[in-house]
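One structure below.
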Amino acid sequence: QVQLVESGGGLVQAGGSLRLSCAASGRTFSSYSMGWFRQAPGKERESVATITSTGARTTYADSVKGRFTISRDNAKNTVYLQMNSLKPEDTAVYYCAGKSYGSTWPYWGQGTQVTVSS
């Protein structure tokens, strides 16, 4: 079992940057793949970025490639999402998620709101 708490959301102008953090409880964090997802009003939740347990591999949605960077610090039980060149269409609630194996993500944070003004 792992508990996830996101922070770092807020209001930013288009072109600006934010860094989201997700702090995890438990001693098994370093064995979990982690991901950032987002859900905008009226839209389905979508995967933004994922990172393997060691950080060796990352994936990104096409819409954020080159602008967002996912990283993790296993010593701090924390995963990050650096978001640069933000656009109004990045506005959403951003969620951190974790899994130990398989395709489903059983562990979720409560979400943090990101609003990008034009």
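Labeling convention for the structure tokens: chains A, B, ... as they appear, residues from 1 per chain, ligands from 1 in order of appearance.
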
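Neighbouring residues of Asn84 of chain A at 6 Å or closer, counting only C-alpha atoms and skipping chain neighbours under 2 positions away, are A:Ser17, A:Arg67, A:Leu86.
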
Prev. selection, N, CA and C atoms, output as an mmCIF file, in the first residue's frame:
```cif
data_model
loop_
_atom_site.group_PDB
_atom_site.id
_atom_site.type_symbol
_atom_site.label_atom_id
_atom_site.label_comp_id
_atom_site.auth_asym_id
_atom_site.auth_seq_id
_atom_site.Cartn_x
_atom_site.Cartn_y
_atom_site.Cartn_z
ATOM 1 N N SER A 17 5.930 28.292 -16.229
ATOM 2 C CA SER A 17 6.357 26.970 -15.774
ATOM 3 C C SER A 17 5.802 26.673 -14.386
ATOM 4 N N ARG A 67 8.100 19.632 -23.614
ATOM 5 C CA ARG A 67 7.728 20.703 -22.679
ATOM 6 C C ARG A 67 7.718 20.209 -21.228
ATOM 7 N N LEU A 86 3.899 26.325 -20.714
ATOM 8 C CA LEU A 86 2.521 25.897 -20.476
ATOM 9 C C LEU A 86 1.543 26.603 -21.395
#
```

*Spatial neighbours of Ser25 of chain A, max dist 8 Å, only C-alpha atoms, sep filter under 3 positions, as a PyMOL selection string*: chain A and resi 2-4+29+77

Output file for the residues above (all heavy atoms, as a CSV table (one decimal), in the first residue's frame):
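The resulting selection-v6.csv:
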```csv
chain,number,residue,atom,x,y,z
A,2,VAL,N,0.5,2.2,-0.8
A,2,VAL,CA,1.3,3.5,-0.8
A,2,VAL,C,0.3,4.6,-0.9
A,2,VAL,O,-0.8,4.5,-1.5
A,2,VAL,CB,2.2,3.5,-2.1
A,2,VAL,CG1,1.5,3.4,-3.4
A,2,VAL,CG2,3.1,4.8,-2.0
A,3,GLN,N,0.5,5.7,-0.2
A,3,GLN,CA,-0.3,6.9,-0.3
A,3,GLN,C,0.5,8.0,-1.0
A,3,GLN,O,1.7,8.1,-0.8
A,3,GLN,CB,-0.7,7.3,1.2
A,3,GLN,CG,-1.6,6.3,1.8
A,3,GLN,CD,-2.0,6.8,3.2
A,3,GLN,OE1,-1.2,7.4,4.0
A,3,GLN,NE2,-3.3,6.5,3.6
A,4,LEU,N,-0.2,8.7,-1.8
A,4,LEU,CA,0.4,9.7,-2.7
A,4,LEU,C,-0.3,11.1,-2.4
A,4,LEU,O,-1.5,11.2,-2.3
A,4,LEU,CB,0.2,9.3,-4.1
A,4,LEU,CG,0.7,8.0,-4.5
A,4,LEU,CD1,0.3,7.6,-6.0
A,4,LEU,CD2,2.2,7.9,-4.4
A,29,PHE,N,8.3,2.5,-2.4
A,29,PHE,CA,8.2,3.5,-3.5
A,29,PHE,C,9.2,3.2,-4.6
A,29,PHE,O,8.9,3.3,-5.8
A,29,PHE,CB,8.5,4.9,-2.9
A,29,PHE,CG,8.5,5.9,-4.0
A,29,PHE,CD1,7.4,6.4,-4.6
A,29,PHE,CD2,9.7,6.4,-4.4
A,29,PHE,CE1,7.4,7.4,-5.6
A,29,PHE,CE2,9.8,7.4,-5.4
A,29,PHE,CZ,8.6,7.9,-6.0
A,77,ASN,N,11.4,9.6,-1.9
A,77,ASN,CA,10.1,9.0,-2.1
A,77,ASN,C,9.2,10.1,-2.9
A,77,ASN,O,8.0,10.2,-2.5
A,77,ASN,CB,9.4,8.6,-0.8
A,77,ASN,CG,9.8,7.2,-0.4
A,77,ASN,OD1,10.8,6.7,-0.8
A,77,ASN,ND2,9.0,6.7,0.6
```

In terms of only C-alpha atoms, the residue from A:Gly55, A:Pro88, A:Gly26, A:Gly42 at minimal distance from Ser117 of chain A is A:Pro88

Between atom CA of Asp73 of chain A and atom CA of Tyr94 of chain A lies a distance of 19.2 Å

Problem - For segment 31-36 of chain A: contacts at 6 Å, only C-alpha atoms, fewer than 2 positions along chain excluded, given as a PyMOL selection string - result: chain A and resi 28-29+48-53+95-100

Could you take the residues named above and write them with C-alpha atoms, as a CSV table (one decimal), in the first residue's frame?
```csv
chain,number,residue,atom,x,y,z
A,28,THR,CA,8.3,0.2,-1.5
A,29,PHE,CA,8.2,3.5,-3.5
A,48,VAL,CA,0.7,12.7,-19.3
A,49,ALA,CA,4.0,11.0,-18.4
A,50,THR,CA,5.3,7.8,-16.8
A,51,ILE,CA,8.6,6.7,-15.3
A,52,THR,CA,9.9,3.3,-14.4
A,53,SER,CA,11.0,2.4,-10.9
A,95,TYR,CA,-3.0,13.3,-10.6
A,96,CYS,CA,0.0,11.2,-9.5
A,97,ALA,CA,-0.4,7.4,-9.7
A,98,GLY,CA,1.7,4.4,-8.9
A,99,LYS,CA,1.8,0.7,-9.7
A,100,SER,CA,4.0,-2.2,-8.9
```

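Proximity ranking of A:Trp105, A:Glu44, A:Ala24, A:Glu89 relative to Val64 of chain A places A:Glu89 first, based on only C-alpha atoms.
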
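Residues in contact with Val12 of chain A at up to 12 Å, not including ones fewer than 4 positions away on its chain and judged by only C-alpha atoms, are Gly8, Gly16, Ser17, Leu18, Arg19, Met83, Asn84, Ser85, Leu86, Lys87, Pro88, Asp90, Thr91, Gln113, Val114, Thr115, Val116, Ser117 and Ser118 of chain A.
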
With only C-alpha atoms as the counted atoms, please give the residues lying no more than 6 Å from Thr78 of chain A, apart from itself and same-chain residues fewer than 5 positions off, as number ranges by chain. A: 22-23, 72-73

DSSP strand (DSSP E or B) selection over chain A, as number ranges by chain
A: 4-7, 10-13, 18-24, 33-39, 46-51, 58-60, 68-73, 78-83, 92-99, 107-108, 112-117
